[in-house]
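Pasting work.txt here (compact mmCIF, C-alpha atoms):
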# COMPACT_ATOMS: atom_id res chain seq x y z
CA MET I 1 -209.30 -332.55 243.39
CA GLY I 2 -207.21 -331.66 240.43
CA ILE I 3 -209.61 -328.97 239.24
CA LYS I 4 -209.78 -327.47 242.71
CA LYS I 5 -206.01 -327.32 242.93
CA ILE I 6 -205.76 -325.67 239.53
CA THR I 7 -208.47 -323.13 240.45
CA LEU I 8 -206.73 -322.38 243.74
CA PHE I 9 -203.39 -322.01 242.01
CA PHE I 10 -204.79 -319.54 239.44
CA SER I 11 -206.69 -317.51 242.04
CA VAL I 12 -203.49 -317.16 244.10
CA LEU I 13 -201.56 -316.26 240.96
CA ILE I 14 -204.11 -313.58 239.98
CA LEU I 15 -203.99 -312.19 243.52
CA ILE I 16 -200.19 -311.96 243.43
CA ILE I 17 -200.23 -310.29 240.01
CA SER I 18 -202.87 -307.78 241.05
CA LEU I 19 -200.89 -306.95 244.21
CA PHE I 20 -197.74 -306.55 242.16
CA ILE I 21 -199.44 -304.24 239.63
CA SER I 22 -200.99 -302.11 242.37
CA SER I 23 -197.64 -301.79 244.15
CA CYS I 24 -195.99 -300.77 240.88
CA LYS I 25 -198.58 -298.04 240.33
CA GLY I 26 -198.00 -296.75 243.83
CA LYS I 27 -194.26 -296.52 243.26
CA ALA I 28 -194.74 -294.65 240.05
CA GLU I 29 -196.90 -292.02 241.66
CA SER I 30 -195.16 -291.61 244.97
CA PRO I 31 -191.44 -290.89 244.37
CA ARG I 32 -191.79 -287.11 244.56
CA THR I 33 -193.60 -287.19 247.82
CA LEU I 34 -191.15 -289.65 249.24
CA SER I 35 -187.92 -288.17 247.97
CA ALA I 36 -188.67 -284.48 248.03
CA PRO I 37 -188.97 -282.87 251.44
CA LEU I 38 -192.36 -281.50 252.23
CA PRO I 39 -191.34 -277.89 252.85
CA THR I 40 -189.74 -277.68 249.43
CA MET I 41 -192.87 -278.84 247.79
CA ALA I 42 -194.97 -276.58 249.93
CA LYS I 43 -193.20 -273.36 248.99
CA PRO I 44 -193.77 -273.54 245.27
CA VAL I 45 -197.45 -273.43 246.12
CA GLN I 46 -196.85 -269.67 245.89
CA VAL I 47 -196.69 -270.08 242.15
CA PRO I 48 -200.41 -270.33 241.63
CA ASN I 49 -200.75 -267.01 243.49
CA PHE I 50 -198.95 -265.34 240.63
CA LEU I 51 -200.64 -267.33 238.03
CA LYS I 52 -203.99 -266.34 239.47
CA LYS I 53 -203.36 -262.72 238.55
CA PRO I 54 -202.06 -262.85 235.02
CA LYS I 55 -203.89 -259.68 234.03
CA GLU I 56 -202.07 -257.56 236.57
CA ALA I 57 -198.66 -258.73 235.57
CA PRO I 58 -197.23 -257.58 232.22
CA PRO I 59 -196.36 -260.33 229.73
CA PRO I 60 -192.59 -260.21 230.34
CA VAL I 61 -193.21 -260.80 234.06
CA MET I 62 -195.06 -263.96 233.22
CA GLU I 63 -192.11 -265.11 231.19
CA MET I 64 -189.78 -264.28 234.05
CA GLU I 65 -191.85 -266.29 236.52
CA TYR I 66 -191.01 -269.54 234.85
CA LYS I 67 -187.34 -268.69 234.93
CA THR I 68 -187.23 -267.60 238.54
CA ILE I 69 -189.35 -270.31 240.12
CA PRO I 70 -186.62 -272.95 240.09
CA LYS I 71 -184.32 -270.48 241.83
CA VAL I 72 -186.89 -270.02 244.60
CA ILE I 73 -187.04 -273.74 245.17
CA LYS I 74 -183.26 -274.02 245.33
CA THR I 75 -182.79 -271.13 247.72
CA SER I 76 -185.46 -272.51 250.04
CA GLN I 77 -183.36 -275.60 250.48
CA SER I 78 -180.42 -273.50 251.58
CA LYS I 79 -182.66 -272.07 254.35
CA GLU I 80 -182.22 -268.51 253.09
CA ALA I 81 -185.40 -266.62 252.52
CA PRO I 82 -185.90 -266.38 248.78
CA PRO I 83 -186.51 -262.91 247.46
CA PRO I 84 -190.07 -262.38 246.33
CA ILE I 85 -190.48 -263.21 242.71
CA ALA I 86 -192.00 -259.82 241.99
CA GLU I 87 -188.88 -258.08 243.31
CA MET I 88 -186.62 -260.20 241.17
CA VAL I 89 -188.62 -259.29 238.13
CA VAL I 90 -188.33 -255.60 238.88
CA ILE I 91 -184.60 -255.86 239.40
CA LYS I 92 -184.17 -257.66 236.15
CA ALA I 93 -186.48 -255.35 234.26
CA GLU I 94 -184.96 -252.11 235.55
CA PRO I 95 -181.78 -251.78 233.46
CA THR I 96 -181.78 -251.45 229.68
CA VAL I 97 -184.29 -248.56 229.78
CA TYR I 98 -181.72 -245.80 230.27
CA GLU I 99 -178.64 -247.78 229.45
CA ILE I 100 -176.42 -245.88 227.04
CA PRO I 101 -173.89 -247.99 225.17
CA GLN I 102 -170.40 -246.65 225.71
CA PHE I 103 -167.96 -246.09 222.87
CA PRO I 104 -164.63 -247.92 223.34
CA TRP I 105 -162.52 -245.57 225.43
CA PRO I 106 -159.90 -244.44 224.68
CA PRO I 107 -160.99 -244.90 221.08
CA PRO I 108 -159.23 -247.46 218.87
CA LYS I 109 -156.44 -246.16 216.65
CA ALA I 110 -157.97 -244.21 213.77
CA SER I 111 -156.61 -243.89 210.23
CA ALA I 112 -156.92 -240.11 210.45
CA SER I 113 -158.50 -237.48 212.67
CA THR I 114 -159.32 -233.80 212.73
CA ASN I 115 -160.94 -231.34 215.08
CA ILE I 116 -164.10 -229.58 214.00
CA PRO I 117 -163.61 -225.81 214.43
CA GLN I 118 -165.78 -224.32 217.18
CA GLU I 119 -167.13 -221.67 214.84
CA PHE I 120 -168.73 -224.38 212.71
CA LEU I 121 -170.88 -225.46 215.63
CA ARG I 122 -171.65 -222.11 217.33
CA LYS I 123 -173.47 -219.28 215.65
CA THR I 124 -171.50 -216.72 217.63
CA GLU I 125 -168.45 -217.08 219.80
CA ASP I 126 -170.34 -216.52 223.06
CA ALA I 127 -173.47 -218.41 222.13
CA GLU I 128 -174.48 -221.00 224.69
CA ILE I 129 -175.47 -224.23 223.09
CA THR I 130 -176.21 -227.72 224.28
CA LEU I 131 -174.91 -231.04 223.04
CA ALA I 132 -178.32 -231.62 221.45
CA GLU I 133 -177.74 -228.55 219.28
CA VAL I 134 -174.27 -229.78 218.36
CA ASP I 135 -175.83 -233.10 217.43
CA LEU I 136 -178.42 -231.30 215.32
CA LYS I 137 -175.71 -229.41 213.48
CA LEU I 138 -173.70 -232.55 212.87
CA THR I 139 -176.64 -234.69 211.78
CA SER I 140 -178.00 -232.04 209.41
CA ALA I 141 -174.57 -231.72 207.83
CA LEU I 142 -174.30 -235.49 207.55
CA GLU I 143 -177.74 -235.82 206.03
CA LYS I 144 -176.86 -233.24 203.39
CA CYS I 145 -174.03 -235.55 202.40
CA GLY I 146 -176.19 -238.66 202.33
CA TYR I 147 -175.31 -240.11 205.73
CA TYR I 148 -178.79 -240.93 206.94
CA GLU I 149 -177.85 -243.86 209.15
CA LYS I 150 -175.97 -243.15 212.33
CA SER I 151 -175.83 -244.28 215.93
CA TYR I 152 -174.92 -242.76 219.26
CA PHE I 153 -172.69 -243.88 222.06
CA GLY I 154 -171.87 -242.32 225.37
CA VAL I 155 -168.39 -241.04 226.13
CA HIS I 156 -167.14 -239.10 229.17
CA ASP I 157 -169.55 -236.14 229.52
CA GLY I 158 -170.34 -236.30 225.86
CA PHE I 159 -171.29 -238.53 222.98
CA ALA I 160 -169.89 -240.32 219.96
CA LEU I 161 -171.75 -240.21 216.65
CA VAL I 162 -170.94 -243.08 214.30
CA THR I 163 -171.77 -243.07 210.58
CA ARG I 164 -172.49 -246.12 208.46
CA LEU I 165 -169.64 -247.89 206.69
CA GLU I 166 -169.35 -246.45 203.18
CA GLN I 167 -167.31 -247.36 200.15
CA ILE I 168 -165.01 -244.62 198.90
CA ASN I 169 -162.65 -243.95 196.05
CA PRO I 170 -158.93 -243.85 196.80
CA ASP I 171 -159.11 -240.03 196.72
CA GLY I 172 -161.62 -239.98 199.59
CA THR I 173 -164.74 -239.14 197.59
CA SER I 174 -167.79 -241.28 198.22
CA ILE I 175 -168.84 -243.81 195.60
CA ASP I 176 -172.28 -243.26 194.14
CA PRO I 177 -175.08 -245.32 195.73
CA PRO I 178 -175.99 -248.18 195.84
CA ASP I 179 -172.34 -249.30 195.74
CA ARG I 180 -171.56 -246.65 198.36
CA TRP I 181 -173.30 -248.64 201.08
CA SER I 182 -172.33 -252.07 199.82
CA ILE I 183 -169.58 -254.08 201.48
CA LYS I 184 -168.86 -255.68 198.10
CA VAL I 185 -166.30 -253.85 196.04
CA LYS I 186 -167.95 -252.07 193.12
CA SER I 187 -167.34 -253.64 189.72
CA GLY I 188 -168.30 -250.70 187.53
CA ASN I 189 -170.47 -250.65 184.42
CA PHE I 190 -169.91 -253.32 181.84
CA SER I 191 -167.50 -252.36 179.08
CA LEU I 192 -164.48 -254.01 177.52
CA SER I 193 -162.06 -251.84 179.43
CA GLU I 194 -163.90 -252.47 182.74
CA TYR I 195 -163.93 -256.20 181.98
CA ILE I 196 -160.19 -256.31 181.33
CA LYS I 197 -159.57 -254.24 184.44
CA ALA I 198 -161.71 -256.57 186.55
CA LEU I 199 -160.09 -259.66 185.02
CA PHE I 200 -156.49 -258.72 185.58
CA THR I 201 -156.27 -256.25 188.42
CA ALA I 202 -156.94 -256.70 192.11
CA ASN I 203 -159.73 -254.08 192.14
CA PRO I 204 -159.05 -252.99 195.70
CA GLY I 205 -161.91 -251.59 197.76
CA HIS I 206 -161.73 -248.67 200.17
CA PHE I 207 -164.17 -248.23 203.04
CA ARG I 208 -164.66 -245.55 205.67
CA ILE I 209 -166.46 -244.97 208.95
CA ILE I 210 -166.50 -241.52 210.54
CA VAL I 211 -166.88 -241.14 214.29
CA PHE I 212 -167.55 -237.69 215.77
CA ILE I 213 -166.63 -237.44 219.43
CA CYS I 214 -167.84 -234.52 221.52
CA THR I 215 -166.26 -234.43 224.95
CA PRO I 216 -164.62 -231.84 227.21
CA HIS I 217 -161.88 -234.33 228.13
CA PRO I 218 -158.68 -234.71 226.14
CA PHE I 219 -158.14 -238.20 224.84
CA SER I 220 -155.61 -240.27 222.99
CA GLN I 221 -156.12 -243.39 220.90
CA THR I 222 -155.22 -246.93 221.83
CA GLU I 223 -152.72 -248.96 219.86
CA ALA I 224 -155.39 -251.55 219.16
CA SER I 225 -156.88 -251.27 215.71
CA VAL I 226 -160.47 -252.09 214.92
CA SER I 227 -161.45 -254.45 212.11
CA ARG I 228 -164.03 -253.57 209.50
CA ASP I 229 -166.47 -256.11 210.89
CA GLU I 230 -166.11 -254.77 214.41
CA ALA I 231 -166.57 -251.19 213.22
CA THR I 232 -169.63 -252.19 211.21
CA ILE I 233 -171.25 -253.51 214.39
CA TRP I 234 -171.01 -250.03 215.92
CA LEU I 235 -173.90 -248.80 213.82
CA ALA I 236 -176.22 -251.52 215.06
CA SER I 237 -175.11 -251.48 218.67
CA GLY I 238 -175.48 -247.72 219.25
CA LEU I 239 -178.62 -245.75 220.04
CA ASN I 240 -180.76 -244.32 217.26
CA LYS I 241 -180.90 -240.86 218.88
CA LEU I 242 -178.99 -238.81 221.38
CA PRO I 243 -180.35 -239.50 224.87
CA LYS I 244 -181.84 -236.48 226.64
CA THR I 245 -179.54 -236.95 229.62
CA ILE I 246 -176.60 -236.18 227.34
CA GLY I 247 -178.36 -233.71 225.06
CA VAL I 248 -179.12 -231.27 227.87
CA LEU I 249 -175.44 -230.85 228.77
CA LYS I 250 -174.02 -227.47 227.88
CA TYR I 251 -171.46 -227.43 225.11
CA SER I 252 -168.99 -225.22 226.97
CA LYS I 253 -165.72 -223.95 225.55
CA ASP I 254 -163.97 -226.87 227.15
CA TYR I 255 -165.69 -229.16 224.71
CA SER I 256 -164.18 -230.15 221.42
CA SER I 257 -165.57 -232.16 218.55
CA THR I 258 -163.16 -234.54 216.89
CA ALA I 259 -163.76 -236.56 213.77
CA LEU I 260 -162.02 -239.94 213.78
CA ILE I 261 -161.72 -241.56 210.36
CA TYR I 262 -161.51 -245.34 210.28
CA GLU I 263 -160.43 -246.38 206.78
CA PHE I 264 -160.30 -249.97 205.59
CA GLU I 265 -158.76 -251.38 202.45
CA LYS I 266 -159.64 -254.66 200.77
CA PRO I 267 -156.50 -255.33 198.72
CA SER I 268 -157.99 -257.95 196.40
CA TYR I 269 -161.06 -260.08 195.85
CA ASN I 270 -159.61 -262.90 197.91
CA GLU I 271 -158.47 -260.94 200.93
CA ASN I 272 -160.33 -259.46 203.86
CA ALA I 273 -160.48 -255.74 204.47
CA LYS I 274 -157.66 -254.42 206.64
CA THR I 275 -157.52 -251.23 208.66
CA LYS I 276 -155.45 -248.64 206.85
CA LEU I 277 -153.06 -247.16 209.36
CA PRO I 278 -152.38 -244.38 208.67
CA SER I 279 -154.64 -243.21 205.87
CA ASP I 280 -153.12 -241.69 202.74
CA LEU I 281 -155.36 -238.68 203.34
CA SER I 282 -155.59 -236.38 206.34
CA GLY I 283 -158.72 -236.25 208.45
CA ARG I 284 -159.68 -232.88 207.06
CA ILE I 285 -159.26 -234.03 203.45
CA HIS I 286 -161.52 -236.98 204.25
CA LEU I 287 -164.21 -234.61 205.54
CA GLU I 288 -163.72 -232.26 202.60
CA LYS I 289 -163.97 -235.07 200.06
CA ALA I 290 -167.05 -236.40 201.83
CA LYS I 291 -168.46 -232.82 201.58
CA ILE I 292 -169.11 -232.83 205.33
CA TRP I 293 -166.63 -230.02 205.95
CA LYS I 294 -168.48 -227.70 203.58
CA ALA I 295 -171.86 -228.68 205.02
CA LEU I 296 -170.64 -227.87 208.54
CA GLU I 297 -169.16 -224.62 207.37
CA GLU I 298 -172.50 -223.37 205.97
CA MET U 1 -162.68 -294.42 158.23
CA GLN U 2 -159.02 -294.16 159.10
CA VAL U 3 -156.89 -291.04 159.35
CA SER U 4 -153.15 -290.57 159.72
CA LEU U 5 -152.08 -291.04 163.33
CA MET U 6 -149.20 -288.60 163.02
CA LYS U 7 -151.51 -285.88 161.69
CA CYS U 8 -153.99 -286.47 164.54
CA LYS U 9 -151.26 -286.36 167.13
CA LYS U 10 -149.98 -283.08 165.75
CA MET U 11 -153.45 -281.53 165.84
CA LEU U 12 -154.13 -282.66 169.40
CA THR U 13 -150.70 -281.54 170.55
CA THR U 14 -151.20 -278.14 168.93
CA LEU U 15 -154.62 -277.77 170.56
CA TRP U 16 -153.34 -278.68 174.00
CA PHE U 17 -150.22 -276.54 173.86
CA ILE U 18 -152.06 -273.48 172.54
CA GLY U 19 -154.87 -273.88 175.09
CA SER U 20 -152.57 -274.53 178.02
CA GLY U 21 -150.23 -271.74 176.96
CA PHE U 22 -153.14 -269.31 176.85
CA LEU U 23 -154.32 -270.35 180.31
CA PHE U 24 -150.79 -270.20 181.70
CA ILE U 25 -150.15 -266.67 180.35
CA LEU U 26 -153.59 -265.52 181.55
CA LEU U 27 -152.90 -266.67 185.09
CA LEU U 28 -149.36 -265.34 185.00
CA ILE U 29 -150.60 -261.83 184.15
CA GLN U 30 -153.34 -262.02 186.78
CA ALA U 31 -150.93 -263.17 189.47
CA ASN U 32 -148.33 -260.54 188.59
CA LEU U 33 -150.91 -257.74 188.62
CA GLY U 34 -152.06 -258.82 192.08
CA HIS U 35 -155.47 -260.10 191.00
CA TYR U 36 -155.26 -262.91 193.56
CA GLY U 37 -153.43 -260.86 196.17
CA GLU U 38 -151.50 -263.02 198.58
CA LYS U 39 -153.30 -266.14 197.41
CA ALA U 40 -151.71 -266.45 193.95
CA ASN U 41 -150.23 -269.80 194.97
CA GLU U 42 -153.76 -271.16 195.42
CA ALA U 43 -154.63 -270.06 191.88
CA TRP U 44 -151.56 -271.88 190.51
CA GLY U 45 -152.47 -274.84 192.67
CA TRP U 46 -155.80 -274.96 190.86
CA LEU U 47 -154.55 -274.51 187.26
CA LEU U 48 -151.55 -276.83 187.14
CA PRO U 49 -153.37 -280.06 188.11
CA THR U 50 -156.07 -279.32 185.52
CA ILE U 51 -153.68 -279.22 182.53
CA MET U 52 -150.39 -280.84 183.49
CA PRO U 53 -151.41 -284.55 183.53
CA THR U 54 -152.68 -284.39 179.94
CA LEU U 55 -149.69 -282.35 178.76
CA MET U 56 -147.36 -284.91 180.32
CA LEU U 57 -149.23 -287.73 178.58
CA ILE U 58 -148.87 -285.99 175.21
CA ILE U 59 -145.21 -285.19 175.72
CA GLY U 60 -144.55 -288.73 176.92
CA VAL U 61 -146.05 -290.20 173.76
CA LEU U 62 -144.15 -287.73 171.56
CA VAL U 63 -140.86 -288.69 173.22
CA ILE U 64 -141.57 -292.40 172.74
CA ASP U 65 -142.41 -291.79 169.07
CA VAL U 66 -139.11 -290.05 168.35
CA GLY U 67 -137.19 -292.14 165.83
CA ASN U 68 -140.12 -294.51 165.35
CA LYS U 69 -140.72 -294.50 161.60
CA GLU U 70 -143.71 -296.83 161.89
CA VAL U 71 -145.77 -294.05 163.40
CA GLU U 72 -145.81 -292.14 160.12
CA THR U 73 -147.59 -294.98 158.40
CA GLN U 74 -150.04 -295.77 161.19
CA THR U 75 -153.70 -294.75 161.08
CA VAL U 76 -156.43 -294.30 163.65
CA ASP U 77 -160.22 -294.35 163.64
CA ARG U 78 -161.54 -290.94 162.59
CA PHE U 79 -164.40 -291.03 165.10
CA LEU U 80 -161.97 -291.58 167.94
CA PHE U 81 -159.90 -288.64 166.83
CA ILE U 82 -162.91 -286.30 166.52
CA LEU U 83 -164.16 -287.42 169.93
CA SER U 84 -160.78 -286.76 171.54
CA PHE U 85 -160.42 -283.42 169.81
CA ILE U 86 -163.90 -282.14 170.77
CA LEU U 87 -163.59 -283.35 174.36
CA SER U 88 -160.18 -281.66 174.66
CA LEU U 89 -161.52 -278.43 173.17
CA VAL U 90 -164.57 -278.34 175.45
CA TYR U 91 -162.42 -279.13 178.48
CA LEU U 92 -159.94 -276.34 177.75
CA VAL U 93 -162.81 -273.90 177.13
CA GLY U 94 -164.30 -275.00 180.47
CA VAL U 95 -161.04 -274.33 182.29
CA ALA U 96 -160.71 -270.95 180.60
CA SER U 97 -164.29 -270.03 181.49
CA SER U 98 -163.47 -270.42 185.18
CA ILE U 99 -160.99 -267.58 184.74
CA LEU U 100 -162.70 -265.46 182.09
CA PHE U 101 -166.08 -265.42 183.86
CA GLN U 102 -164.64 -264.10 187.12
CA PRO U 103 -165.71 -260.48 186.49
CA PHE U 104 -169.31 -261.56 185.88
CA THR U 105 -169.91 -263.55 189.04
CA SER U 106 -170.50 -262.43 192.57
CA LEU U 107 -168.21 -265.19 193.83
CA ILE U 108 -164.65 -264.36 194.67
CA PRO U 109 -162.27 -265.76 191.99
CA LEU U 110 -160.76 -268.53 194.08
CA GLU U 111 -164.21 -269.68 195.16
CA LEU U 112 -165.26 -269.91 191.52
CA MET U 113 -162.16 -271.95 190.73
CA LYS U 114 -162.78 -274.31 193.63
CA GLN U 115 -166.41 -274.76 192.57
CA SER U 116 -165.38 -275.58 188.99
CA ASN U 117 -163.32 -278.49 190.29
CA PHE U 118 -166.57 -280.37 190.90
CA TRP U 119 -167.31 -280.66 187.20
CA LEU U 120 -163.80 -280.27 185.79
CA GLY U 121 -162.56 -283.32 187.70
CA PRO U 122 -164.87 -285.89 186.08
CA PHE U 123 -164.51 -284.11 182.73
CA GLN U 124 -160.73 -284.42 182.98
CA GLY U 125 -161.18 -288.15 183.48
CA LEU U 126 -163.22 -288.36 180.28
CA VAL U 127 -160.64 -286.39 178.30
CA SER U 128 -157.76 -288.47 179.63
CA GLY U 129 -159.67 -291.64 178.82
CA ALA U 130 -160.42 -290.52 175.27
CA LEU U 131 -156.83 -289.44 174.64
CA GLY U 132 -155.46 -292.66 176.11
CA ALA U 133 -157.82 -294.73 173.98
CA PHE U 134 -156.91 -292.65 170.93
CA PHE U 135 -153.24 -293.56 171.29
CA VAL U 136 -153.87 -297.20 172.18
CA LYS U 137 -156.52 -298.00 169.55
CA ARG U 138 -154.33 -297.10 166.60
CA LYS U 139 -154.10 -299.52 163.75
CA GLN U 140 -151.41 -300.32 161.29
CA GLY U 141 -151.88 -298.52 157.98
Since I need it in another form, could you write the structure as structure tokens?
Amino acid sequence: MGIKKITLFFSVLILIISLFISSCKGKAESPRTLSAPLPTMAKPVQVPNFLKKPKEAPPPVMEMEYKTIPKVIKTSQSKEAPPPIAEMVVIKAEPTVYEIPQFPWPPPKASASTNIPQEFLRKTEDAEITLAEVDLKLTSALEKCGYYEKSYFGVHDGFALVTRLEQINPDGTSIDPPDRWSIKVKSGNFSLSEYIKALFTANPGHFRIIVFICTPHPFSQTEASVSRDEATIWLASGLNKLPKTIGVLKYSKDYSSTALIYEFEKPSYNENAKTKLPSDLSGRIHLEKAKIWKALEE
Amino acid sequence: MQVSLMKCKKMLTTLWFIGSGFLFILLLIQANLGHYGEKANEAWGWLLPTIMPTLMLIIGVLVIDVGNKEVETQTVDRFLFILSFILSLVYLVGVASSILFQPFTSLIPLELMKQSNFWLGPFQGLVSGALGAFFVKRKQG
């Protein structure tokens, strides 16, 4: 009797345990189907339709699919028809292609400025030229003076051409490369006099960015000054060439080309560069010392 | 081997006052010529704690010794004196190097000074210990 009771007890126990385990498995698998409404789960079935045609869709679209799918699920719950994923991709992919970064307008307060004479840019007084030709004239003059890196921004009916930050002497002449393009203040060649100078003096550094602005509209400058770091970002954030949409515009007599000089001074090793407002030199002297004036004149 | 305590004290005092004076004048010229710009106070804040504690110890002992005729007859272990002298010399050269090497490094001067604190601090402890022991371990002549 005892053995029978024990056997019965264990068989019932095993039955209970097996029922418990099976019910646990069921709970683990079912929560989505129980908690999520069926329509919501049904709509994402569209996803495989896109995934079935990966060859037709460009790689970025595939990346976008994963980002937009959760949005589709959410909008379906709000009973609004979700926009087709393909449309969303197109909308998101459309900008950036022809987007022209705009130069801060009105421009930040410059250390100095000067207008480029019209005769420098036109061969004859009545010659009709485009902004692309003006750009060509400016860039060739800049390249003669060693300014190979530049970037373009859009301004009202024109463009802004920004040169790379360069290190200059206090008289406005450019320092010889490689120190010219370094943000570290040049230390000079080693000699006893240079050593003593570096040991005792502040060895201030002077930096310059030139911005050419071609626009038919008169403009002033804002009171806000730009820091050296902010101005340095201009080179990277602008376009590498003048967009055609701007280049085809005619450079009428209403247009003027203005050079804005942003000069920065690093007073000592331990201090950050500060915008020099105003510069000790005029805008024209800056261009003359940089040899740009002469190159434009030729 | 024993050496005259008074003679040792004079040599150590001379070393410390010449070294500290040199460093003080060097920093004074740099600060006045604008080498540190607006942060000259930080440069002084670095130099003074590196030399002043030891100078105060030396001056304190000299003041105590005034009128003490026993000091003139006292002697001290030669090894202890040489150890204190060399440690003091190396320490002062180390402090000076943090200023004199500024033109050769790519670091900005105040950064170099702050970095030197990592090794100057423990070194200063060694020098202070040696100088303290030098004055305490003296023996009657």
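Here the question is which of I:Glu223, I:Glu265, I:Asp176, I:Asp229 gets nearest to Pro204 of chain I using only C-alpha atoms, and that residue is I:Glu265.
Shortest atom-to-atom contact with chain U among I:Leu138, I:Ile100, I:Leu161, I:Ala202: I:Ala202, counting all atoms listed in the file.
Contacts from chain I to chain U at a cut-off of 8 Å (only C-alpha atoms) map to Ser187, Tyr195, Ala198, Leu199, Phe200, Thr201, Ala202, Asn203, Pro267, Ser268, Tyr269, Asn270 and Glu271 of chain I.
The nearest approach to Ala273 of chain I among the residues I:Phe219, I:Phe207, I:Phe153, I:Phe103, with all atoms listed in the file taken into account, belongs to I:Phe207.
The interatomic distance for the pair atom CA of Lys197 of chain I and atom CA of Lys289 of chain I works out to 25.1 Å.
Taking atom CA of Tyr91 of chain U and atom CA of Val3 of chain U as the two end points, the separation is 23.2 Å.
For the pair atom CA of Pro243 of chain I and atom CA of Ala132 of chain I, the separation is 8.8 Å.
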Using all atoms listed in the file, find all polymer residues with an atom at most 6 Å away from the point (-166.8, -293.2, 162.3); report them as a ChimeraX atom specification.
-> /U:1,78-79
Shell of 10 Å around Ile116 of chain I, only C-alpha atoms, local chain residues under 6 positions omitted, as a PyMOL selection string = chain I and resi 212-214+256-259+284+287+293+296-297
Residue contacts of Leu48 of chain U (10 Å, only C-alpha atoms) excluding same-chain residues fewer than 3 positions away, as a ChimeraX atom specification = /U:20,23-24,43-45,51-53
Spatial neighbours of Ala290 of chain I, max dist 8 Å, only C-alpha atoms, sep filter under 3 positions, as a PyMOL selection string | chain I and resi 145+172-174+286-287+293
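Residues lying at most 10 Å from (-152.3, -286.9, 170.1) in file coordinates, with only C-alpha atoms considered, are Leu5, Met6, Lys7, Cys8, Lys9, Lys10, Met11, Leu12, Thr13, Thr14, Leu15, Trp16, Leu57, Ile58, Ile59, Val61, Leu62, Phe81, Ser84, Phe85, Leu131, Gly132, Phe134 and Phe135 of chain U.
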